[in-house]
Amino acid sequence: MDSTLETILDEMKQEIDNWIAYISNKDAEKIIKRTKLQVGIHGHALLEYAKGRVDVTDDELNLTLPGGKAIPGELLSEEQVREQFVPELASYMQHKLNALPSALIDYQFTFDGKFRTREGGVNIRILEFVDETKKQQLLERISIYIADKLEAGKYPTKPLETFFLSRHLLDEGLFPDTDPGVIISIFENIQQVNKGNKHLAEHRNNVTGALRNWVESHWLPCYFDNIGTQWQKEYKKRSDARLENTEQGAIELALYAAILILKYEPSYSRSVGLAILNCAIELGSAQAKRLTKEGSGTFSKEDVSFRDELAECTANDVFAEVTIAIKQETEESYARALRFLTHLLSLGFPKSYQIKLKSSVKQWLPMKGLAKSSTHRFFANALEYPNLHPLLEEYARVAMEPFEWYADTEGEKNCMPGSYAVFGLGLTNRVYFPLVEQYMGMVDEEHQSVQNHFTVALAERHGIHLETIPTLVKCMLHSTDSMKLKIQTDMEDEAHLRLLLDQAHGLQYYEVEHIVYLIWGGTDKLKKIAAKAEGDRGKWLSELAQATRRG
């Protein structure tokens, strides 16, 4: 090897040393102790060389991608890379790995190279290393985790555990022959044991992310070329692409990934789910065709479709959509649609769904901050018929589910299923205050704020009275600090203040502090008002301020 090549090789080794120093500057043992499903931190490294510049990173290289066209003027030839550099770099990296603490490197480690040469780009595997002892240890831990925490589990699991488990199950190095049905069953079990838990969405995101990565990195490249970009993928079927059996094998996982993306991911990810379905259809999958037209097949045809002279309803659980066509704008038309929805949700239809409404009527609830969606419009239309209010209450009690949201709402307009029915009923009649309180007890105020607007509208519609204060307190407890509630003067009425103080006695100090902030703007402001007040009013205001103190 001449001096020029020796110099380049030395630079590459120096960059490997720099990378090793970088990854060593962390407490690996502490990191992997978070979960037994992680036995190491780093699983791959990538060396890139172009025009004399060398860089080593944690990035992963897709070896199926072409290297690129010839590059005149480059110092290296493809032959030199393959025959002289790769063996030297593999030996050097292996030597470095052997000296590292065990916790730094995963059970499997790949070292790839991306070189620009005179003949063109060269993408090549430099080193592949498997620690068989770690691998067996990890397989045993996975088996025990699935048996104890999922199959026999009765309690929510940790999102970090789902993050690693979902990726392990899709790792062919660990599970080369796993039945896709078994993997899907485990993923469903994860969602089941975490149902109603505030981390459910995070678990789903971890599972969906692992599946999407597997589809894009492993499944699709077997049959399609990406003719788009890294960020905006567009797939073209290769002429030799064939599926021996369109209903079995890996395609089941691909379709499951598409379903999860379409059901639970934000609307901007919808195109990814549809692309996966369309690719499966292009490969001849009859199952993919059925999914787009009929849904997953989980429900009977009678449960997902209804049609008569007044209304027509169809539901697709894959898209988490219900299409409702109101043929005649009558009370009974909406009654039939409501019964259809309530029954459907009671059977297990995704509660994070949306309604596609075909109706000539456009009603909206009398409050700000709600998405003007078809789902909102359907319930606002139905609320115009007083005789339907009991049906709307029945629907709401079935639909309400913590940590689920209507699929056509995002960000500040996120709202839990049942929201429109509860809001409309609560604004209409105090008889539905118990329903409102039940709803508020299920709201996740970290991811939803539309209850702020409802609380303001409720106070304006029904006023501040002895009958409304308990419900307003419940609403305030589950509203955010950003709510603008102008009820201070009314709440300083002696009878109202006394009732509020009674309510505060059953609350935690921080809950009282939150209510005081929403009404008076904070404890300090309340104390100043109390100091100027006379008689019982001053006493009760002071007691309320005292209730905001810890202990």
# chains A, B, ... in the order shown; residues from 1 in each chain; ligands from 1
>>> residues_around(residues="Ala90 of chain A", least_positions_apart="6", cutoff="9 Å", atoms="only C-alpha atoms", output="list in words")
Phe111, Ile126, Leu127 and Glu128 of chain A
>>> select_by_dssp(residues="segment 14-112 of chain A", states="helix (DSSP H, G or I)", output="VMD selection string")
chain A and resid 14 to 24 28 to 32 78 to 98 102 to 104
>>> closest_residue(among="A:Ser419, A:Lys36, A:Phe403, A:Leu427", to="Glu445 of chain A", atoms="only C-alpha atoms")
A:Phe403
>>> residues_around(residues="Ala335 of chain A", least_positions_apart="6", cutoff="9 Å", atoms="only C-alpha atoms", output="list in words")
Ala382, Leu388, Leu391 and Leu392 of chain A
>>> residues_around(residues="segment 460-474 of chain A", least_positions_apart="2", cutoff="7 Å", atoms="only C-alpha atoms", output="PyMOL selection string")
chain A and resi 427+433+437+440+455-458+476-478+490+496
>>> residues_around(residues="Leu165 of chain A", least_positions_apart="6", cutoff="10 Å", atoms="only C-alpha atoms", output="PDB file with N, CA, C and O atoms, in the first residue's frame")
ATOM      1  N   LEU A  37     -34.812  -5.456  28.435  1.00  0.00           N
ATOM      2  CA  LEU A  37     -34.941  -5.711  27.000  1.00  0.00           C
ATOM      3  C   LEU A  37     -33.885  -4.977  26.183  1.00  0.00           C
ATOM      4  O   LEU A  37     -33.907  -5.016  24.955  1.00  0.00           O
ATOM      5  N   GLN A  38     -32.957  -4.306  26.867  1.00  0.00           N
ATOM      6  CA  GLN A  38     -31.833  -3.661  26.181  1.00  0.00           C
ATOM      7  C   GLN A  38     -30.540  -4.234  26.741  1.00  0.00           C
ATOM      8  O   GLN A  38     -30.260  -4.130  27.931  1.00  0.00           O
ATOM      9  N   ILE A 142     -36.715 -11.746  26.475  1.00  0.00           N
ATOM     10  CA  ILE A 142     -37.910 -11.442  25.681  1.00  0.00           C
ATOM     11  C   ILE A 142     -39.005 -12.459  25.964  1.00  0.00           C
ATOM     12  O   ILE A 142     -40.175 -12.110  26.154  1.00  0.00           O
ATOM     13  N   TYR A 145     -40.464 -11.879  29.393  1.00  0.00           N
ATOM     14  CA  TYR A 145     -41.254 -10.640  29.411  1.00  0.00           C
ATOM     15  C   TYR A 145     -42.630 -10.869  28.787  1.00  0.00           C
ATOM     16  O   TYR A 145     -43.653 -10.446  29.345  1.00  0.00           O
ATOM     17  N   ILE A 146     -42.665 -11.524  27.641  1.00  0.00           N
ATOM     18  CA  ILE A 146     -43.938 -11.768  26.958  1.00  0.00           C
ATOM     19  C   ILE A 146     -44.853 -12.616  27.830  1.00  0.00           C
ATOM     20  O   ILE A 146     -46.056 -12.345  27.967  1.00  0.00           O
ATOM     21  N   PRO A 159     -43.667   2.196  28.288  1.00  0.00           N
ATOM     22  CA  PRO A 159     -43.450   2.488  26.863  1.00  0.00           C
ATOM     23  C   PRO A 159     -42.043   2.129  26.388  1.00  0.00           C
ATOM     24  O   PRO A 159     -41.860   1.688  25.255  1.00  0.00           O
ATOM     25  N   ASP A 171     -36.790  -8.110  14.293  1.00  0.00           N
ATOM     26  CA  ASP A 171     -35.370  -8.280  13.979  1.00  0.00           C
ATOM     27  C   ASP A 171     -35.130  -9.710  13.520  1.00  0.00           C
ATOM     28  O   ASP A 171     -35.208 -10.660  14.312  1.00  0.00           O
ATOM     29  N   ILE A 186     -48.950 -10.371  19.771  1.00  0.00           N
ATOM     30  CA  ILE A 186     -48.206  -9.711  20.862  1.00  0.00           C
ATOM     31  C   ILE A 186     -48.458  -8.210  20.831  1.00  0.00           C
ATOM     32  O   ILE A 186     -48.681  -7.581  21.875  1.00  0.00           O
ATOM     33  N   PHE A 187     -48.446  -7.615  19.631  1.00  0.00           N
ATOM     34  CA  PHE A 187     -48.700  -6.178  19.522  1.00  0.00           C
ATOM     35  C   PHE A 187     -50.114  -5.830  19.999  1.00  0.00           C
ATOM     36  O   PHE A 187     -50.329  -4.792  20.627  1.00  0.00           O
ATOM     37  N   ASN A 206     -44.840   3.520  19.438  1.00  0.00           N
ATOM     38  CA  ASN A 206     -43.639   2.691  19.410  1.00  0.00           C
ATOM     39  C   ASN A 206     -43.819   1.467  18.512  1.00  0.00           C
ATOM     40  O   ASN A 206     -42.931   1.117  17.734  1.00  0.00           O
ATOM     41  N   VAL A 207     -44.974   0.825  18.632  1.00  0.00           N
ATOM     42  CA  VAL A 207     -45.261  -0.338  17.785  1.00  0.00           C
ATOM     43  C   VAL A 207     -45.345   0.072  16.321  1.00  0.00           C
ATOM     44  O   VAL A 207     -44.741  -0.557  15.432  1.00  0.00           O
ATOM     45  N   ALA A 210     -41.922   0.977  14.815  1.00  0.00           N
ATOM     46  CA  ALA A 210     -41.115  -0.213  14.513  1.00  0.00           C
ATOM     47  C   ALA A 210     -41.614  -0.900  13.245  1.00  0.00           C
ATOM     48  O   ALA A 210     -40.822  -1.317  12.386  1.00  0.00           O
TER      49      ALA A 210
END
>>> closest_residue(among="A:Gly297, A:Gly506, A:Gly43, A:Gly52", to="Phe129 of chain A", atoms="only C-alpha atoms")
A:Gly43
>>> residues_around(residues="Tyr439 of chain A", least_positions_apart="2", cutoff="12 Å", atoms="only C-alpha atoms", output="PyMOL selection string")
chain A and resi 393+396-402+415-423+425-426+432-437+441-445+451+454+471+474-475+478
>>> residues_around(residues="Glu321 of chain A", least_positions_apart="6", cutoff="12 Å", atoms="only C-alpha atoms", output="list in words")
Leu262, Lys263, Tyr264, Thr292, Lys293, Glu294, Gly295, Val304, Cys313, Thr314, Ala315, Leu341, Leu344, Leu345, Phe349, Pro350, Lys351, Ser352, Tyr353, Gln354, Ile355, Lys356, Leu357, Ser374, Thr375, Tyr406, Ala407 and Asp408 of chain A
>>> atom_distance(atom1="atom CA of Ser479 of chain A", atom2="atom CA of Lys539 of chain A")
27.3 Å
>>> select_by_dssp(residues="segment 146-326 of chain A", states="strand (DSSP E or B)", output="short mmCIF file (atom, residue, chain, number, x, y, z; two decimals) with N, CA and C atoms, in the first residue's frame")
data_model
loop_
_atom_site.label_atom_id
_atom_site.label_comp_id
_atom_site.auth_asym_id
_atom_site.auth_seq_id
_atom_site.Cartn_x
_atom_site.Cartn_y
_atom_site.Cartn_z
N PHE A 224 -40.16 -3.40 -4.47
CA PHE A 224 -40.32 -2.07 -5.06
C PHE A 224 -39.01 -1.28 -5.01
N ASP A 225 -38.86 -0.39 -5.98
CA ASP A 225 -37.79 0.60 -5.95
C ASP A 225 -38.38 1.94 -5.54
N ASN A 226 -37.66 2.67 -4.71
CA ASN A 226 -38.09 4.02 -4.33
C ASN A 226 -37.61 4.99 -5.40
N TYR A 235 -43.04 4.59 -4.71
CA TYR A 235 -42.62 3.22 -5.00
C TYR A 235 -43.06 2.76 -6.38
N LYS A 236 -42.11 2.08 -7.06
CA LYS A 236 -42.38 1.49 -8.37
C LYS A 236 -42.07 0.01 -8.29
N LYS A 237 -43.05 -0.81 -8.63
CA LYS A 237 -42.89 -2.25 -8.55
C LYS A 237 -41.84 -2.73 -9.56
N SER A 305 -72.92 -1.91 8.35
CA SER A 305 -73.68 -1.25 7.28
C SER A 305 -75.17 -1.25 7.61
N PHE A 306 -75.79 -0.15 7.25
CA PHE A 306 -77.23 0.01 7.49
C PHE A 306 -77.78 0.92 6.39
N ARG A 307 -78.94 0.57 5.89
CA ARG A 307 -79.51 1.38 4.80
C ARG A 307 -81.02 1.25 4.79
N ALA A 311 -81.83 6.92 6.13
CA ALA A 311 -80.39 7.11 6.34
C ALA A 311 -79.61 5.91 5.83
N GLU A 312 -78.34 6.14 5.58
CA GLU A 312 -77.43 5.06 5.18
C GLU A 312 -76.12 5.23 5.95
N CYS A 313 -75.68 4.15 6.60
CA CYS A 313 -74.45 4.19 7.40
C CYS A 313 -73.54 3.04 7.01
N THR A 314 -72.26 3.33 6.81
CA THR A 314 -71.26 2.30 6.55
C THR A 314 -70.02 2.62 7.37
N ALA A 315 -69.37 1.58 7.87
CA ALA A 315 -68.19 1.78 8.73
C ALA A 315 -67.04 0.93 8.23
N ASN A 316 -65.84 1.50 8.29
CA ASN A 316 -64.62 0.79 7.92
C ASN A 316 -63.62 0.97 9.06
N GLU A 321 -63.36 5.06 10.04
CA GLU A 321 -64.31 6.03 9.48
C GLU A 321 -65.72 5.45 9.47
N VAL A 322 -66.68 6.32 9.74
CA VAL A 322 -68.09 5.97 9.59
C VAL A 322 -68.71 6.99 8.64
N THR A 323 -69.27 6.51 7.54
CA THR A 323 -69.94 7.39 6.59
C THR A 323 -71.43 7.36 6.87
N ILE A 324 -72.01 8.54 7.10
CA ILE A 324 -73.44 8.65 7.39
C ILE A 324 -74.08 9.56 6.35
N ALA A 325 -75.03 9.03 5.63
CA ALA A 325 -75.78 9.83 4.66
C ALA A 325 -77.20 10.00 5.18
N ILE A 326 -77.58 11.24 5.46
CA ILE A 326 -78.94 11.54 5.92
C ILE A 326 -79.79 11.83 4.68
#
>>> closest_residue(among="A:Ile519, A:Ala547, A:Val86, A:Leu76", to="Asp2 of chain A", atoms="only C-alpha atoms")
A:Leu76
>>> atom_distance(atom1="atom CA of Trp405 of chain A", atom2="atom CA of His447 of chain A")
9.5 Å
>>> closest_residue(among="A:Glu119, A:Glu140, A:Asp10, A:Glu216", to="Asn62 of chain A", atoms="only C-alpha atoms")
A:Glu216
